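Q: Got a structure for you, questions after.
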Amino acid sequence: MRRVQVGIVGAGPAGLLLAHLLRQAGVDGVVLEAKSRQYLETSPHRIRAGVLEWGTKEIALKAGVGDRMLHEGLEHRGIYIALNGRLHRIDFATLVGQGIWVYGQQYLVRDMINHHLQAGGEILFEHEVVDLKQLEQNPILIYRGPGGEEGELLCEFVVGADGSHSRFREWIPGLRIYQKTYPFAWLGILAETPPAASELIYASHERGFALYSMRSPSLARNYLQVSPEENLETWPEERIWEELNLRLGGVAQLTPGPILEKSLTLMRSLVVEPMQHGRVFLVGDAAHVVPPTGAKGMNLAFCDVAVLYRALLAYYRDRDETLLASYTETARRHIWQAELFSYWMTKLLHTLPDPFEEQIRLANLRHLVESPHVQRFLAENYVGVYTSGRYAVAFPSPPG
Ligand SMILES: Cc1cc2nc3c(=O)[nH]c(=O)nc-3n(C[C@H](O)[C@H](O)[C@H](O)COP(=O)(O)OP(=O)(O)OC[C@H]3O[C@@H](n4cnc5c(N)ncnc54)[C@H](O)[C@@H]3O)c2cc1C
């Protein structure tokens, strides 16, 4: 049976970043990924995130995977809230002295795959992990390869970075799952058209929330609040553009263009604890899910990796297991902060079915646009509490 130091399951942002950092530190690792490389890099189902906290951008640069992101990404220094036909700017630069970076997750995944393979790293595409044995000592990953053949990989450590539908939640005994679902979903589109504004617009409208964002100056990523049971067939292109412009309430105008992708995203919050058992650790969406309103998912994945990377380095350099033992305890600080913020943004911006709660929501929203104190809370969390600044998770620079 083949042996490695660290077996990583999943080539999403979490698994790839960890694999690349460990490789630079001389730790022998293998990534097993169920899908093909082409699917990860080009499938419309993998478009997903686009907002990077400032500190996430910095981590990508320090890890040596951010060169293209730096040239092709966009800096945003604030966001807009659209309410009752008026635009209110939340000026991050003035409020907290930092902005955010806009760059598509799928591009970053492509960049990380390139860098990792060029550095001699190993990613086994189309290798689906189907079981896990011996979690306490020398864990074994059982996988199915592209031809259906089964194989086993004996590891010193296993990292579950297999995303929001993680199988590890079945395989790790005694996990506690905290979760919440919301009574709405997002109909998302990627369209070839200039975005409605130079920065993101979060629009509150009586017909439901809408988000206007961009991937580039000619590619817009827009979302509409819809029912979780919504049938996408009932949303032809004209209806989507009409509804988006209606919910903007006249503060900006979208020019309809070809829609390249259309999807429905359900909204839920979920945290798994502990995020470890024996020699097995969870990172990214495998351990927690946030509704996309606060744009936190990929940033959280990077935070987890920063904490676990430091702990694995301490183990491989000094055989010191202290940081590994406290991994969940350290990570839960940034995780629950992001859960809090994502929950707050979600409740603040979506039209709620209960009339009393809806009035409270509108009062909260008015308070936000009038109060610099509440704006500072939003700005601080949006830009990122734990990837940079006073509370930042410690991220050791990779060797070399
Ligand atoms: C519509 C939408 C918008 C979003 N917007 C934002 C945003 O603006 N900002 C933000 O920060 N986050 C956002 N997110 C969240 C972000 O996309 C996720 O948090 C991020 O992908 C998590 O990375 P990950 O590596 O943990 O998991 P994933 O990216 O899901 O990667 C997991 C990988 O594991 C593989 N895998 C699964 N099971 C197995 C198996 N058994 N064997 C082998 N491989 C397996 C999968 O194929 C996948 O490639 C958004 C998400 C969605 C859906």
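Every chain in the structure tokens takes a letter, A first, then B, and so on in the order presented; its residues are numbered from 1, and the ligands are numbered from 1 following the presented order.
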Taking only C-alpha atoms and all ligand atoms and a cut-off of 8 Å, can you tell me which residues surround ligand 1, written as JSON, numbers by chain?
A: {"A": [9, 10, 11, 12, 13, 14, 15, 16, 32, 33, 34, 35, 40, 46, 47, 48, 49, 50, 51, 52, 53, 105, 126, 127, 128, 129, 130, 143, 161, 162, 163, 164, 165, 166, 167, 186, 188, 263, 264, 265, 283, 284, 285, 286, 287, 289, 290, 291, 292, 293, 294, 295, 296, 297, 298, 299, 300, 301]}
Q: In segment 196-392 of chain A, what's helix (DSSP H, G or I) per DSSP? Answer as a VMD selection string?
A: chain A and resid 232 to 234 237 to 248 284 to 286 292 to 294 297 to 318 322 to 325 327 to 349 355 to 370 372 to 383
Q: Applying 7 Å and only C-alpha atoms, which residues near segment 373-385 of chain A remain after dropping the ones on its own chain fewer than 4 positions away? List them as an NGL selection string.
A: :A and (53-54 or 90 or 92 or 95-96 or 98-100 or 294 or 341 or 368 or 389 or 391-392)
Q: Please indicate the distance in Å from atom CA of Gln179 of chain A to atom CA of Arg268 of chain A, rounded to one decimal place.
A: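 Atom CA of Gln179 of chain A sits 7.3 Å away from atom CA of Arg268 of chain A.
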Q: Name the residues of segment 55-237 of chain A that come out as strand (DSSP E) in a backbone DSSP run; write them as a ChimeraX atom specification.
A: /A:74-76,78-83,86-91,100-102,123-124,128-133,140-144,150-160,176-192,201-204,210-216,219-226
Q: So which one's closest to Arg68 of chain A, A:Arg37, A:His88, A:Arg221, A:Arg110? Using only C-alpha atoms, please.
A: A:Arg110
Q: Using only C-alpha atoms, which residue out of A:Ile201, A:Ala325, A:Glu192, A:Gln38 lies closest to Gly257 of chain A?
A: A:Glu192
Q: Of the candidates A:Gly78, A:Gly85, A:Gly121, A:Gly145, which shows the shortest atom-to-atom distance to Leu17 of chain A, using only C-alpha atoms?
A: A:Gly121
Q: Considering only C-alpha atoms, state which residue in the set A:Leu132, A:Pro146, A:His20, A:Gly97 is at the smallest distance from Ile113 of chain A.
A: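 Closest residue, counting only C-alpha atoms: A:His20.
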Q: Find the residues near Val158 of chain A: any atom within 6 Å, counting only C-alpha atoms, skip ones fewer than 3 places away on the same chain, and give them as a list of chain:residue names.
A: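 Surrounding residues, per the criterion: A:Val6, A:Gly7, A:Ile8, A:Val280.
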Q: Which of these residues is nearest to Arg310 of chain A, using only C-alpha atoms: A:Leu18, A:Ile172, A:Val102, A:Ala338?
A: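 Among the listed residues, the smallest separation from Arg310 of chain A belongs to A:Leu18.
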Q: Hey, what's within 10 Å of Leu260 of chain A if we count only C-alpha atoms and toss same-chain stuff fewer than 2 positions away? As a list in words, please?
A: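 The residues that qualify are Pro44, Ile189, Leu190, Ala191, Glu192, Leu219, Gly257, Pro258 and Lys262 of chain A.
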Q: Excluding Gly66 of chain A and its own-chain neighbours fewer than 3 positions away, which residues fall within 12 Å of it when counting only C-alpha atoms? Please give them as a JSON list (two decimals) with N, CA, C and O atoms, in the first residue's frame.
A:
[["chain", "number", "residue", "atom", "x", "y", "z"],
["A", 17, "LEU", "N", -4.73, 24.96, -1.32],
["A", 17, "LEU", "CA", -3.83, 25.87, -0.60],
["A", 17, "LEU", "C", -2.98, 25.09, 0.40],
["A", 17, "LEU", "O", -1.76, 25.27, 0.47],
["A", 52, "LEU", "N", -12.74, 38.31, -2.09],
["A", 52, "LEU", "CA", -11.66, 37.90, -1.19],
["A", 52, "LEU", "C", -11.42, 39.01, -0.17],
["A", 52, "LEU", "O", -11.33, 40.18, -0.53],
["A", 56, "THR", "N", -7.04, 37.51, 2.79],
["A", 56, "THR", "CA", -7.05, 36.29, 1.96],
["A", 56, "THR", "C", -6.17, 36.51, 0.74],
["A", 56, "THR", "O", -5.37, 35.65, 0.35],
["A", 57, "LYS", "N", -6.31, 37.69, 0.17],
["A", 57, "LYS", "CA", -5.44, 38.04, -0.98],
["A", 57, "LYS", "C", -3.97, 37.97, -0.56],
["A", 57, "LYS", "O", -3.12, 37.44, -1.28],
["A", 58, "GLU", "N", -3.68, 38.51, 0.63],
["A", 58, "GLU", "CA", -2.29, 38.53, 1.10],
["A", 58, "GLU", "C", -1.77, 37.10, 1.33],
["A", 58, "GLU", "O", -0.62, 36.78, 1.04],
["A", 59, "ILE", "N", -2.63, 36.22, 1.89],
["A", 59, "ILE", "CA", -2.22, 34.82, 2.11],
["A", 59, "ILE", "C", -1.91, 34.15, 0.77],
["A", 59, "ILE", "O", -0.89, 33.47, 0.62],
["A", 60, "ALA", "N", -2.76, 34.40, -0.23],
["A", 60, "ALA", "CA", -2.53, 33.80, -1.56],
["A", 60, "ALA", "C", -1.19, 34.29, -2.12],
["A", 60, "ALA", "O", -0.43, 33.52, -2.73],
["A", 61, "LEU", "N", -0.89, 35.56, -1.90],
["A", 61, "LEU", "CA", 0.39, 36.10, -2.40],
["A", 61, "LEU", "C", 1.57, 35.46, -1.68],
["A", 61, "LEU", "O", 2.54, 35.04, -2.31],
["A", 62, "LYS", "N", 1.46, 35.38, -0.34],
["A", 62, "LYS", "CA", 2.57, 34.78, 0.44],
["A", 62, "LYS", "C", 2.77, 33.32, 0.06],
["A", 62, "LYS", "O", 3.89, 32.81, 0.08],
["A", 63, "ALA", "N", 1.67, 32.64, -0.26],
["A", 63, "ALA", "CA", 1.77, 31.22, -0.62],
["A", 63, "ALA", "C", 2.31, 31.04, -2.04],
["A", 63, "ALA", "O", 2.55, 29.92, -2.48],
["A", 69, "MET", "N", -3.92, 36.66, -9.89],
["A", 69, "MET", "CA", -4.98, 37.33, -9.12],
["A", 69, "MET", "C", -4.65, 38.81, -8.94],
["A", 69, "MET", "O", -5.54, 39.67, -9.04],
["A", 70, "LEU", "N", -3.37, 39.09, -8.71],
["A", 70, "LEU", "CA", -2.97, 40.47, -8.46],
["A", 70, "LEU", "C", -3.14, 41.32, -9.72],
["A", 70, "LEU", "O", -3.55, 42.48, -9.65],
["A", 71, "HIS", "N", -2.87, 40.74, -10.88],
["A", 71, "HIS", "CA", -2.96, 41.51, -12.12],
["A", 71, "HIS", "C", -4.37, 41.60, -12.66],
["A", 71, "HIS", "O", -4.76, 42.61, -13.23],
["A", 72, "GLU", "N", -5.15, 40.53, -12.47],
["A", 72, "GLU", "CA", -6.48, 40.50, -13.09],
["A", 72, "GLU", "C", -7.61, 40.84, -12.13],
["A", 72, "GLU", "O", -8.73, 41.08, -12.55],
["A", 73, "GLY", "N", -7.33, 40.82, -10.82],
["A", 73, "GLY", "CA", -8.39, 41.12, -9.84],
["A", 73, "GLY", "C", -8.65, 42.61, -9.73],
["A", 73, "GLY", "O", -7.93, 43.43, -10.28],
["A", 101, "TRP", "N", -10.81, 42.34, -2.35],
["A", 101, "TRP", "CA", -10.26, 42.02, -3.67],
["A", 101, "TRP", "C", -11.27, 41.15, -4.41],
["A", 101, "TRP", "O", -11.75, 40.17, -3.84],
["A", 103, "TYR", "N", -11.98, 38.58, -7.34],
["A", 103, "TYR", "CA", -11.32, 37.65, -8.28],
["A", 103, "TYR", "C", -12.06, 36.32, -8.16],
["A", 103, "TYR", "O", -12.27, 35.83, -7.05],
["A", 105, "GLN", "N", -13.33, 32.62, -7.77],
["A", 105, "GLN", "CA", -12.79, 31.42, -7.12],
["A", 105, "GLN", "C", -12.27, 30.42, -8.15],
["A", 105, "GLN", "O", -11.25, 29.78, -7.96],
["A", 107, "TYR", "N", -11.01, 30.94, -11.03],
["A", 107, "TYR", "CA", -9.70, 31.36, -11.56],
["A", 107, "TYR", "C", -8.60, 31.04, -10.53],
["A", 107, "TYR", "O", -7.51, 30.60, -10.89],
["A", 108, "LEU", "N", -8.92, 31.29, -9.26],
["A", 108, "LEU", "CA", -7.92, 31.04, -8.22],
["A", 108, "LEU", "C", -7.61, 29.54, -8.12],
["A", 108, "LEU", "O", -6.46, 29.14, -7.96],
["A", 109, "VAL", "N", -8.65, 28.72, -8.24],
["A", 109, "VAL", "CA", -8.45, 27.26, -8.24],
["A", 109, "VAL", "C", -7.55, 26.86, -9.41],
["A", 109, "VAL", "O", -6.59, 26.12, -9.25],
["A", 110, "ARG", "N", -7.84, 27.41, -10.59],
["A", 110, "ARG", "CA", -6.99, 27.13, -11.77],
["A", 110, "ARG", "C", -5.53, 27.54, -11.49],
["A", 110, "ARG", "O", -4.60, 26.77, -11.75],
["A", 111, "ASP", "N", -5.35, 28.72, -10.90],
["A", 111, "ASP", "CA", -3.99, 29.20, -10.62],
["A", 111, "ASP", "C", -3.29, 28.28, -9.62],
["A", 111, "ASP", "O", -2.10, 27.97, -9.76],
["A", 112, "MET", "N", -4.04, 27.85, -8.59],
["A", 112, "MET", "CA", -3.41, 27.00, -7.56],
["A", 112, "MET", "C", -3.03, 25.64, -8.14],
["A", 112, "MET", "O", -1.99, 25.08, -7.82],
["A", 113, "ILE", "N", -3.90, 25.09, -9.00],
["A", 113, "ILE", "CA", -3.58, 23.80, -9.63],
["A", 113, "ILE", "C", -2.28, 23.94, -10.44],
["A", 113, "ILE", "O", -1.35, 23.16, -10.33],
["A", 114, "ASN", "N", -2.22, 25.02, -11.25],
["A", 114, "ASN", "CA", -1.01, 25.25, -12.07],
["A", 114, "ASN", "C", 0.23, 25.34, -11.22],
["A", 114, "ASN", "O", 1.23, 24.65, -11.48],
["A", 115, "HIS", "N", 0.19, 26.18, -10.20],
["A", 115, "HIS", "CA", 1.38, 26.38, -9.35],
["A", 115, "HIS", "C", 1.78, 25.09, -8.66],
["A", 115, "HIS", "O", 2.96, 24.76, -8.57]]
Q: Could you check the closest approach to Gln276 of chain A for each of A:Gly160, A:Pro256, A:Pro355, A:Gly250 and tell me which residue wins, using only C-alpha atoms?
A: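 The answer is A:Gly160, which sits nearest to Gln276 of chain A.
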Q: Using only C-alpha atoms, which residues sit within 8 Å of segment 233-241 of chain A once same-chain residues fewer than 4 positions away are excluded, as a ChimeraX atom specification?
A: /A:245,254,256,259
Q: Save the residues we just selected, N, CA and C atoms, as a tab-separated table (two decimals), in the first residue's frame?
A:
chain	number	residue	atom	x	y	z
A	245	ASN	N	-33.75	44.80	-12.64
A	245	ASN	CA	-33.86	46.26	-12.76
A	245	ASN	C	-34.94	46.82	-11.83
A	254	LEU	N	-29.29	48.13	-15.40
A	254	LEU	CA	-28.54	47.01	-15.97
A	254	LEU	C	-28.85	46.88	-17.45
A	256	PRO	N	-29.24	44.38	-20.35
A	256	PRO	CA	-29.32	42.94	-20.55
A	256	PRO	C	-28.25	42.45	-21.53
A	259	ILE	N	-26.83	35.50	-20.96
A	259	ILE	CA	-26.64	34.85	-19.66
A	259	ILE	C	-25.86	33.56	-19.88
